[in-house]
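Engineer: Structure: my_file14.txt, compact mmCIF, C-alpha atoms.
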```txt
# COMPACT_ATOMS: atom_id res chain seq x y z
CA MET A 1030 8.61 41.14 -29.85
CA SER A 1031 8.46 37.93 -31.78
CA SER A 1032 5.41 37.54 -34.02
CA SER A 1033 5.16 33.79 -33.49
CA PHE A 1034 6.05 31.32 -30.80
CA ALA A 1035 6.82 27.64 -30.60
CA SER A 1036 5.46 25.45 -27.85
CA SER A 1037 7.31 22.29 -26.82
CA GLY A 1038 4.25 20.25 -27.81
CA GLU A 1039 4.78 18.15 -24.69
CA GLN A 1040 1.59 19.15 -22.91
CA LEU A 1041 -0.78 16.20 -22.48
CA SER A 1042 -4.38 16.52 -23.47
CA LEU A 1043 -7.07 16.00 -20.84
CA THR A 1044 -8.28 12.94 -22.76
CA LYS A 1045 -4.84 11.33 -22.72
CA ILE A 1046 -4.41 12.00 -19.00
CA TRP A 1047 -7.83 10.51 -18.26
CA LYS A 1048 -7.09 7.42 -20.41
CA TRP A 1049 -3.78 6.95 -18.59
CA TYR A 1050 -5.62 7.24 -15.24
CA GLU A 1051 -8.20 4.62 -16.22
CA GLU A 1052 -5.55 2.19 -17.49
CA THR A 1053 -3.35 2.64 -14.44
CA GLU A 1054 -6.31 2.17 -12.09
CA GLN A 1055 -7.23 -1.03 -13.94
CA ALA A 1056 -3.63 -2.25 -13.63
CA ILE A 1057 -3.73 -1.61 -9.85
CA ASP A 1058 -7.02 -3.57 -9.63
CA ILE A 1059 -5.49 -6.52 -11.51
CA TYR A 1060 -2.39 -6.44 -9.29
CA GLN A 1061 -4.59 -6.34 -6.17
CA GLN A 1062 -6.53 -9.37 -7.43
CA GLU A 1063 -3.26 -11.22 -8.09
CA VAL A 1064 -1.90 -10.49 -4.61
CA THR A 1065 -5.23 -11.38 -2.95
CA HIS A 1066 -5.38 -14.63 -4.91
CA ALA A 1067 -1.82 -15.46 -3.75
CA LEU A 1068 -3.20 -15.71 -0.19
CA VAL A 1069 -5.10 -18.84 -1.20
CA SER A 1070 -2.99 -20.19 -4.07
CA GLY A 1071 0.31 -19.83 -2.19
CA LYS A 1072 1.88 -18.35 -5.34
CA CYS A 1073 4.89 -16.11 -4.63
CA VAL A 1074 4.50 -12.42 -5.36
CA SER A 1075 6.75 -9.39 -4.76
CA LYS A 1076 8.52 -9.32 -1.39
CA THR A 1077 6.77 -6.01 -0.69
CA PHE A 1078 3.67 -8.03 0.22
CA SER A 1079 5.37 -10.71 2.31
CA GLY A 1080 3.40 -11.38 5.46
CA MET A 1081 0.41 -9.25 4.45
CA THR A 1082 -3.02 -10.53 5.46
CA ARG A 1083 -6.20 -9.83 3.51
CA LYS A 1084 -6.86 -6.98 5.95
CA ASP A 1085 -3.50 -5.41 5.02
CA ILE A 1086 -3.86 -5.78 1.25
CA ASN A 1087 -7.02 -3.71 0.78
CA PRO A 1088 -5.80 -0.52 2.53
CA TYR A 1089 -2.42 -0.83 0.77
CA PHE A 1090 -4.02 -0.69 -2.68
CA PHE A 1091 -6.63 1.84 -1.56
CA GLN A 1092 -3.76 4.16 -0.62
CA HIS A 1093 -2.13 3.62 -4.03
CA LYS A 1094 -5.35 4.53 -5.79
CA LYS A 1095 -5.72 7.63 -3.65
CA GLU A 1096 -2.19 8.71 -4.57
CA LEU A 1097 -2.92 8.02 -8.23
CA GLU A 1098 -6.03 10.22 -8.03
CA GLN A 1099 -4.03 13.06 -6.48
CA LEU A 1100 -1.35 12.73 -9.14
CA VAL A 1101 -3.93 12.76 -11.92
CA SER A 1102 -5.70 15.77 -10.41
CA LEU A 1103 -2.43 17.71 -10.46
CA ASN A 1104 -1.75 16.56 -14.01
CA LEU A 1105 -5.21 17.65 -15.16
CA MET A 1106 -4.78 21.05 -13.55
CA ALA A 1107 -1.31 21.47 -15.12
CA SER A 1108 -2.71 20.50 -18.52
CA ALA A 1109 -5.62 22.94 -18.21
CA GLU A 1110 -3.25 25.71 -17.14
CA ALA A 1111 -0.92 24.98 -20.07
CA SER A 1112 -3.85 25.12 -22.51
CA LEU A 1113 -5.03 28.48 -21.18
CA ARG A 1114 -1.52 29.93 -21.27
CA LEU A 1115 -0.86 28.67 -24.79
CA ASP A 1116 -4.17 30.09 -25.92
CA TYR A 1117 -3.22 33.45 -24.38
CA LEU A 1118 0.13 33.50 -26.19
CA ARG A 1119 -1.34 32.33 -29.50
CA ARG A 1120 -3.93 35.12 -29.41
CA VAL A 1121 -1.28 37.72 -28.69
CA LEU A 1122 1.43 36.53 -31.02
CA ARG A 1123 -0.40 35.16 -34.06
CA GLY A 1124 -0.45 38.58 -35.80
CA ARG A 1125 -4.00 38.22 -37.12
CA LYS A 1126 -5.44 41.41 -38.57
CA LYS A 1127 -9.00 40.91 -37.33
CA LYS A 1128 -8.79 40.67 -33.58
CA ASN A 1129 -11.79 39.92 -31.39
CA LYS A 1130 -12.44 41.39 -27.96
CA ILE A 1131 -10.42 38.89 -25.91
CA ASP A 1132 -7.50 39.12 -28.38
CA LYS A 1133 -7.36 42.86 -27.80
CA ILE A 1134 -7.59 42.54 -24.02
CA PHE A 1135 -4.83 39.94 -24.00
CA LYS A 1136 -2.69 42.15 -26.25
CA ASP A 1137 -2.90 44.96 -23.65
CA LEU A 1138 -2.14 42.47 -20.90
CA TYR A 1139 0.84 41.13 -22.84
CA ASN A 1140 2.18 44.66 -23.31
CA GLN A 1141 2.10 45.07 -19.52
CA LYS A 1142 3.17 41.65 -18.29
CA GLY A 1143 4.38 39.61 -21.26
CA ASN A 1144 4.90 35.93 -20.45
CA ARG A 1145 4.54 36.61 -16.74
CA ALA A 1146 0.77 37.13 -16.82
CA ASN A 1147 -0.78 35.31 -13.86
CA LEU A 1148 -3.22 32.55 -14.75
CA ARG A 1149 -5.80 33.22 -12.06
CA ASP A 1150 -5.44 36.97 -11.49
CA ASP A 1151 -4.90 37.99 -15.11
CA ILE A 1152 -5.84 35.44 -17.78
CA LEU A 1153 -8.91 33.97 -16.07
CA GLU A 1154 -10.04 37.41 -14.84
CA MET A 1155 -9.92 38.69 -18.43
CA TRP A 1156 -11.95 35.74 -19.63
CA LYS A 1157 -14.52 36.51 -16.94
CA THR A 1158 -14.91 40.08 -18.20
CA VAL A 1159 -15.61 38.82 -21.72
CA HIS A 1160 -17.73 35.82 -20.69
CA PRO A 1161 -19.17 36.64 -17.26
CA GLU A 1162 -21.64 33.76 -17.61
CA MET B 498 -33.63 -14.97 -13.69
CA GLU B 499 -33.79 -17.31 -10.70
CA GLN B 500 -32.27 -20.08 -12.83
CA ASN B 501 -29.45 -17.72 -13.90
CA LEU B 502 -28.68 -16.86 -10.32
CA GLU B 503 -28.53 -20.52 -9.36
CA THR B 504 -26.30 -21.40 -12.33
CA PHE B 505 -24.03 -18.46 -11.60
CA LEU B 506 -23.60 -19.34 -7.93
CA ARG B 507 -23.11 -23.06 -8.69
CA GLN B 508 -20.37 -22.21 -11.20
CA LYS B 509 -18.79 -19.80 -8.76
CA LYS B 510 -18.61 -22.51 -6.11
CA LYS B 511 -17.12 -24.97 -8.64
CA GLN B 512 -14.40 -22.49 -9.65
CA GLN B 513 -13.17 -22.07 -6.11
CA PRO B 514 -10.36 -24.37 -5.04
CA LEU B 515 -11.29 -26.78 -2.27
CA ILE B 516 -8.84 -26.08 0.50
CA ASP B 517 -8.79 -27.94 3.75
CA TRP B 518 -7.38 -25.28 6.07
CA ASN B 519 -7.43 -27.51 9.13
CA PRO B 520 -3.99 -29.18 8.73
CA LYS B 521 -2.48 -25.78 7.99
CA LYS B 522 -4.11 -24.32 11.09
CA GLN B 523 -2.84 -27.16 13.29
CA LYS B 524 0.71 -26.67 11.95
CA TRP B 525 0.45 -22.91 12.47
CA LEU B 526 -0.75 -23.25 16.08
CA LEU B 527 1.97 -25.81 16.77
CA SER B 528 4.68 -23.59 15.24
CA VAL B 529 3.54 -20.63 17.33
CA ASN B 530 3.72 -22.71 20.51
CA GLU B 531 7.16 -24.05 19.50
CA LEU B 532 8.35 -20.51 18.94
CA TYR B 533 7.13 -19.43 22.38
CA SER B 534 8.87 -22.43 23.97
CA ALA B 535 12.12 -21.57 22.16
CA ILE B 536 11.93 -17.95 23.35
CA GLU B 537 11.21 -19.07 26.93
CA SER B 538 14.28 -21.33 26.81
CA TRP B 539 16.45 -18.48 25.43
CA LEU B 540 15.29 -16.26 28.28
CA ASP B 541 15.31 -19.00 30.92
CA ASN B 542 18.08 -17.58 33.13
CA LEU B 543 16.61 -14.10 33.04
CA ILE B 544 13.16 -15.43 33.89
CA LYS B 545 14.59 -17.30 36.90
CA GLU B 546 16.37 -14.10 38.04
CA ASN B 547 13.08 -12.20 37.71
CA ILE B 548 14.61 -9.80 35.17
CA VAL B 549 12.10 -10.90 32.56
CA LYS B 550 8.50 -11.96 33.02
CA ILE B 551 6.47 -13.85 30.45
CA SER B 552 2.70 -13.80 30.22
CA TYR B 553 0.13 -14.82 27.62
CA ASP B 554 -3.16 -13.40 26.39
CA ASN B 555 -5.73 -15.14 24.24
CA LEU B 556 -6.52 -13.49 20.93
CA THR B 557 -9.29 -14.36 18.51
CA LEU B 558 -8.14 -14.27 14.91
CA ASP B 559 -10.65 -13.85 12.11
CA GLU B 560 -8.95 -14.71 8.84
CA TYR B 561 -11.85 -14.46 6.40
CA TYR B 562 -11.37 -17.92 4.86
CA VAL B 563 -11.61 -19.89 8.13
CA ALA B 564 -13.81 -19.69 11.19
CA PRO B 565 -12.45 -17.42 13.96
CA TYR B 566 -10.09 -19.23 16.33
CA VAL B 567 -8.23 -18.52 19.52
CA ILE B 568 -4.45 -18.19 19.63
CA ARG B 569 -2.00 -17.08 22.30
CA GLN B 570 -0.13 -13.79 22.31
CA MET B 571 3.16 -13.74 24.21
CA ASN B 572 4.05 -10.75 26.36
CA ILE B 573 7.66 -10.21 27.43
CA LEU B 574 7.89 -7.83 30.35
CA VAL B 575 11.22 -6.21 31.26
CA GLY B 576 10.65 -3.84 34.17
CA TYR B 577 7.78 -1.68 33.02
CA GLU B 578 8.50 -2.13 29.32
CA GLN B 579 6.60 -4.74 27.36
CA VAL B 580 7.19 -6.43 24.02
CA ARG B 581 4.22 -8.27 22.50
CA LEU B 582 4.39 -11.16 20.07
CA GLU B 583 1.05 -10.77 18.37
CA PRO B 584 0.01 -13.46 15.86
CA LYS B 585 -1.48 -11.86 12.75
CA GLY B 586 -2.54 -14.97 10.87
CA MET B 587 -1.69 -18.05 8.87
CA ILE B 588 -3.22 -16.88 5.59
CA VAL B 589 -0.58 -14.39 4.55
CA VAL B 590 1.28 -13.58 1.36
CA ASN B 591 4.56 -15.45 0.63
CA ALA B 592 4.53 -17.23 3.99
CA VAL B 593 2.50 -19.64 6.11
CA GLY B 594 2.12 -17.41 9.13
CA ARG B 595 3.08 -14.11 10.69
CA ILE B 596 3.64 -12.80 14.19
CA ASP B 597 4.37 -9.13 14.85
CA MET B 598 6.95 -8.32 17.48
CA ILE B 599 5.74 -5.01 18.86
CA GLY B 600 7.76 -2.82 21.19
CA ASP B 601 7.75 0.83 22.23
CA ASP B 602 10.29 1.68 19.53
CA GLY B 603 9.03 -0.32 16.57
CA THR B 604 7.57 -3.47 15.09
CA LEU B 605 9.23 -6.38 13.34
CA LYS B 606 7.54 -9.12 11.35
CA LEU B 607 8.30 -12.74 12.12
CA LEU B 608 7.34 -14.94 9.18
CA LEU B 609 6.81 -18.68 9.29
CA MET B 610 8.19 -20.09 6.05
CA GLN B 611 7.78 -23.52 4.55
CA ASN B 612 10.92 -24.89 2.92
CA ASP B 613 10.86 -26.12 -0.66
CA ASP B 614 10.58 -29.73 0.52
CA SER B 615 7.29 -28.65 2.20
CA VAL B 616 8.23 -30.57 5.34
CA LYS B 617 10.43 -28.19 7.27
CA PHE B 618 9.19 -24.91 8.69
CA GLN B 619 11.35 -22.01 9.76
CA TRP B 620 10.76 -18.65 11.44
CA LEU B 621 12.38 -15.65 9.78
CA ILE B 622 12.72 -12.05 10.87
CA ALA B 623 11.56 -10.03 7.87
CA VAL B 624 13.31 -6.77 7.14
CA SER B 625 12.96 -4.70 4.01
CA LYS B 626 15.82 -6.16 1.95
CA GLU B 627 16.63 -9.50 3.52
CA ASP B 628 15.12 -12.02 5.91
CA PHE B 629 17.13 -13.53 8.76
CA PRO B 630 16.54 -16.91 10.40
CA LEU B 631 15.23 -16.50 13.92
CA THR B 632 17.88 -17.68 16.38
CA LYS B 633 18.77 -16.69 19.92
CA VAL B 634 21.20 -14.10 18.54
CA SER B 635 18.86 -12.60 15.94
CA PHE B 636 16.02 -12.61 18.49
CA SER B 637 18.19 -10.64 20.89
CA GLU B 638 18.99 -8.11 18.11
CA ALA B 639 15.31 -7.89 17.22
CA LEU B 640 14.40 -7.18 20.86
CA GLU B 641 17.03 -4.41 20.97
CA GLN B 642 15.53 -2.91 17.84
CA VAL B 643 11.92 -2.76 19.03
CA MET B 644 12.59 -1.78 22.65
CA ARG B 645 13.04 1.78 23.81
CA LYS B 646 16.56 3.12 23.14
CA ASN B 647 16.33 5.81 25.80
CA VAL B 648 14.99 4.73 29.17
```
Would you put the structure from the file into structure tokens?

Structural biologist:
Amino acid sequence: MSSSFASSGEQLSLTKIWKWYEETEQAIDIYQQEVTHALVSGKCVSKTFSGMTRKDINPYFFQHKKELEQLVSLNLMASAEASLRLDYLRRVLRGRKKKNKIDKIFKDLYNQKGNRANLRDDILEMWKTVHPE
Amino acid sequence: MEQNLETFLRQKKKQQPLIDWNPKKQKWLLSVNELYSAIESWLDNLIKENIVKISYDNLTLDEYYVAPYVIRQMNILVGYEQVRLEPKGMIVVNAVGRIDMIGDDGTLKLLLMQNDDSVKFQWLIAVSKEDFPLTKVSFSEALEQVMRKNV
């Protein structure tokens, strides 16, 4: 068993994901304003919108925002899962002499399941036993 | 507070471009009628033979920037199958009007475009990558596309 591990470092923090969501949502709002304004100004915009009326524009961008929200939700969940898994591995593999209760529980779990410990059924369940509140 | 509201609304009104939609609406209504006349002439023989029947319905369009107005929708009846030419409006993106050609097997957009010289107007059939000028031939292909493939 290796006594240390290296993560790819590619996992995004929740803060970064949220910032990206806010910026992207703002960009969609600005684009929607530009396309809506083109109705009156006659300015040419992407062919995607050709022939759209005001009634078509709002649902189009509403749908985009909905898809963005779903994408961000998945990204947030993936980030949270990655954090919990990395924490699990760090606790098991860091080789610290003084281990607390959860470290010891995770060590036993690691001996049984290694990297294949299930997030919901194993890691989160163990956390619940230590912090039932 | 009241003064602020007044100032705000006065400025808002000033910022908005003054657009006289009336000439545009007249041109749009005329172009729609011209299109219907062209289609009737393309189908003339078939209408006389009773293969095709043409009827019209009145629609009221509410386009947000102008008061609601009445416009005709053309219905092309072939046996028991109908294709509707439903005007969607004159205030549309990248064009000066749109009619949807709606059949049992799909919908195509017809866009009224203003040429660069701003004098000539032309109907186009809009498809995803390219637009085609509306002619008797392209109209016939469009009809084939929106009508039922299997009877």

Engineer: Distance cut-off 6 Å, counting only C-alpha atoms - which residues of chain B neighbour chain A? Return them as a PyMOL selection string.

Structural biologist: chain B and resi 588-591+595

Engineer: In Å, rounded to a single decimal, give me how far CA of Leu582 in chain B is from CA of Met598 in chain B.

Structural biologist: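 About the pair CA of Met598 in chain B and CA of Leu582 in chain B: they are 4.6 Å apart.
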
Engineer: Give the answer as one residue: which of A:Val1121, A:Leu1148, A:Leu1043, A:Ile1059 has the shortest atom-to-atom distance to Phe1135 in chain A, using all atoms listed in the file?

Structural biologist: A:Val1121

Engineer: Have a look at CA of Ile1046 in chain A and CA of Gln1062 in chain A and let me know their distance in Å, one decimal.

Structural biologist: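 About the pair CA of Ile1046 in chain A and CA of Gln1062 in chain A: they are 24.4 Å apart.
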
Engineer: Place a sphere of radius 10 Å on (3.1, 16.7, -17.5) in the file coordinates and name every protein, DNA or RNA residue with an atom inside or on its surface, counting all atoms listed in the file; give the answer as a PyMOL selection string.

Structural biologist: chain A and resi 1039-1042+1046+1101+1103-1108+1111

Engineer: Rounded to one decimal, what separation in Å do you get between CA of Lys606 in chain B and CA of Ala623 in chain B?

Structural biologist: 5.4 Å

Engineer: Using all atoms listed in the file, which residue out of B:Asp602, B:Asp517, B:Glu537, B:Glu546 lies closest to Val563 in chain B?

Structural biologist: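 Using all atoms listed in the file, the shortest distance to Val563 in chain B belongs to B:Asp517.
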
Engineer: I want to know what sits within 12 Å of range 1153-1161 of chain A, based on only C-alpha atoms, with residues of the same chain fewer than 6 positions away left out; could you give that as a list in words?

Structural biologist: Ala1109, Glu1110, Leu1113, Arg1114, Asp1116, Tyr1117, Asn1129, Lys1130, Ile1131, Asp1132, Lys1133, Ile1134, Phe1135, Lys1136, Asp1137, Leu1138, Tyr1139, Ala1146 and Asn1147 of chain A

Engineer: Limited to C-alpha atoms, could you put the picked residues into a file as a short mmCIF file (atom, residue, chain, number, x, y, z; two decimals), in the coordinates of the input?

Structural biologist:
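File selection08.cif, as written:
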```
data_model
loop_
_atom_site.label_atom_id
_atom_site.label_comp_id
_atom_site.auth_asym_id
_atom_site.auth_seq_id
_atom_site.Cartn_x
_atom_site.Cartn_y
_atom_site.Cartn_z
CA ALA A 1109 -5.62 22.94 -18.21
CA GLU A 1110 -3.25 25.71 -17.14
CA LEU A 1113 -5.03 28.48 -21.18
CA ARG A 1114 -1.52 29.93 -21.27
CA ASP A 1116 -4.17 30.09 -25.92
CA TYR A 1117 -3.22 33.45 -24.38
CA ASN A 1129 -11.79 39.92 -31.39
CA LYS A 1130 -12.44 41.39 -27.96
CA ILE A 1131 -10.42 38.89 -25.91
CA ASP A 1132 -7.50 39.12 -28.38
CA LYS A 1133 -7.36 42.86 -27.80
CA ILE A 1134 -7.59 42.54 -24.02
CA PHE A 1135 -4.83 39.94 -24.00
CA LYS A 1136 -2.69 42.15 -26.25
CA ASP A 1137 -2.90 44.96 -23.65
CA LEU A 1138 -2.14 42.47 -20.90
CA TYR A 1139 0.84 41.13 -22.84
CA ALA A 1146 0.77 37.13 -16.82
CA ASN A 1147 -0.78 35.31 -13.86
#
```

Engineer: Out of B:Trp525, B:Val648, B:Glu503, B:Leu640, which residue has the shortest atom-to-atom distance to Gln611 in chain B when counting only C-alpha atoms?

Structural biologist: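 Of B:Trp525, B:Val648, B:Glu503, B:Leu640, the one nearest Gln611 in chain B is B:Trp525, counting only C-alpha atoms.
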
Engineer: Hey, which of A:Tyr1050, A:Arg1119, A:Arg1145, A:Gln1055 ends up closest to Gln1099 in chain A? Count all atoms listed in the file.

Structural biologist: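 Of A:Tyr1050, A:Arg1119, A:Arg1145, A:Gln1055, the one nearest Gln1099 in chain A, counting all atoms listed in the file, is A:Tyr1050.
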
Engineer: With distances taken over all atoms listed in the file, which of B:Val643, B:Met610, B:Leu526, B:Ile622 is nearest to Val567 in chain B?

Structural biologist: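 Counting all atoms listed in the file, the residue closest to Val567 in chain B is B:Leu526.
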
Engineer: Within 12 Å of range 527-534 of chain B, counting only C-alpha atoms, which residues qualify if same-chain residues fewer than 6 places away don't, as a VMD selection string?

Structural biologist: chain B and resid 520 to 521 540 to 541 551 to 553 568 to 573 581 to 587 593 to 597 607 to 611 617 to 621 631 to 633 636

Engineer: Please enclose the listed atoms of range 1117-1130 of chain A in an axis-aligned box, pad each side by 4 Å, and write out the centre and the three edge lengths in Å, rounded to one decimal, as lines of an AutoDock Vina configuration file.

Structural biologist:
```
center_x = -5.5
center_y = 36.9
center_z = -31.5
size_x = 21.9
size_y = 17.1
size_z = 22.2
```

Engineer: Considering all atoms listed in the file, can you say which of B:Lys509, B:Tyr566, B:Thr557, B:Gln642 comes closest to Gln523 in chain B?

Structural biologist: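 For Gln523 in chain B, the nearest of the given residues is B:Tyr566.
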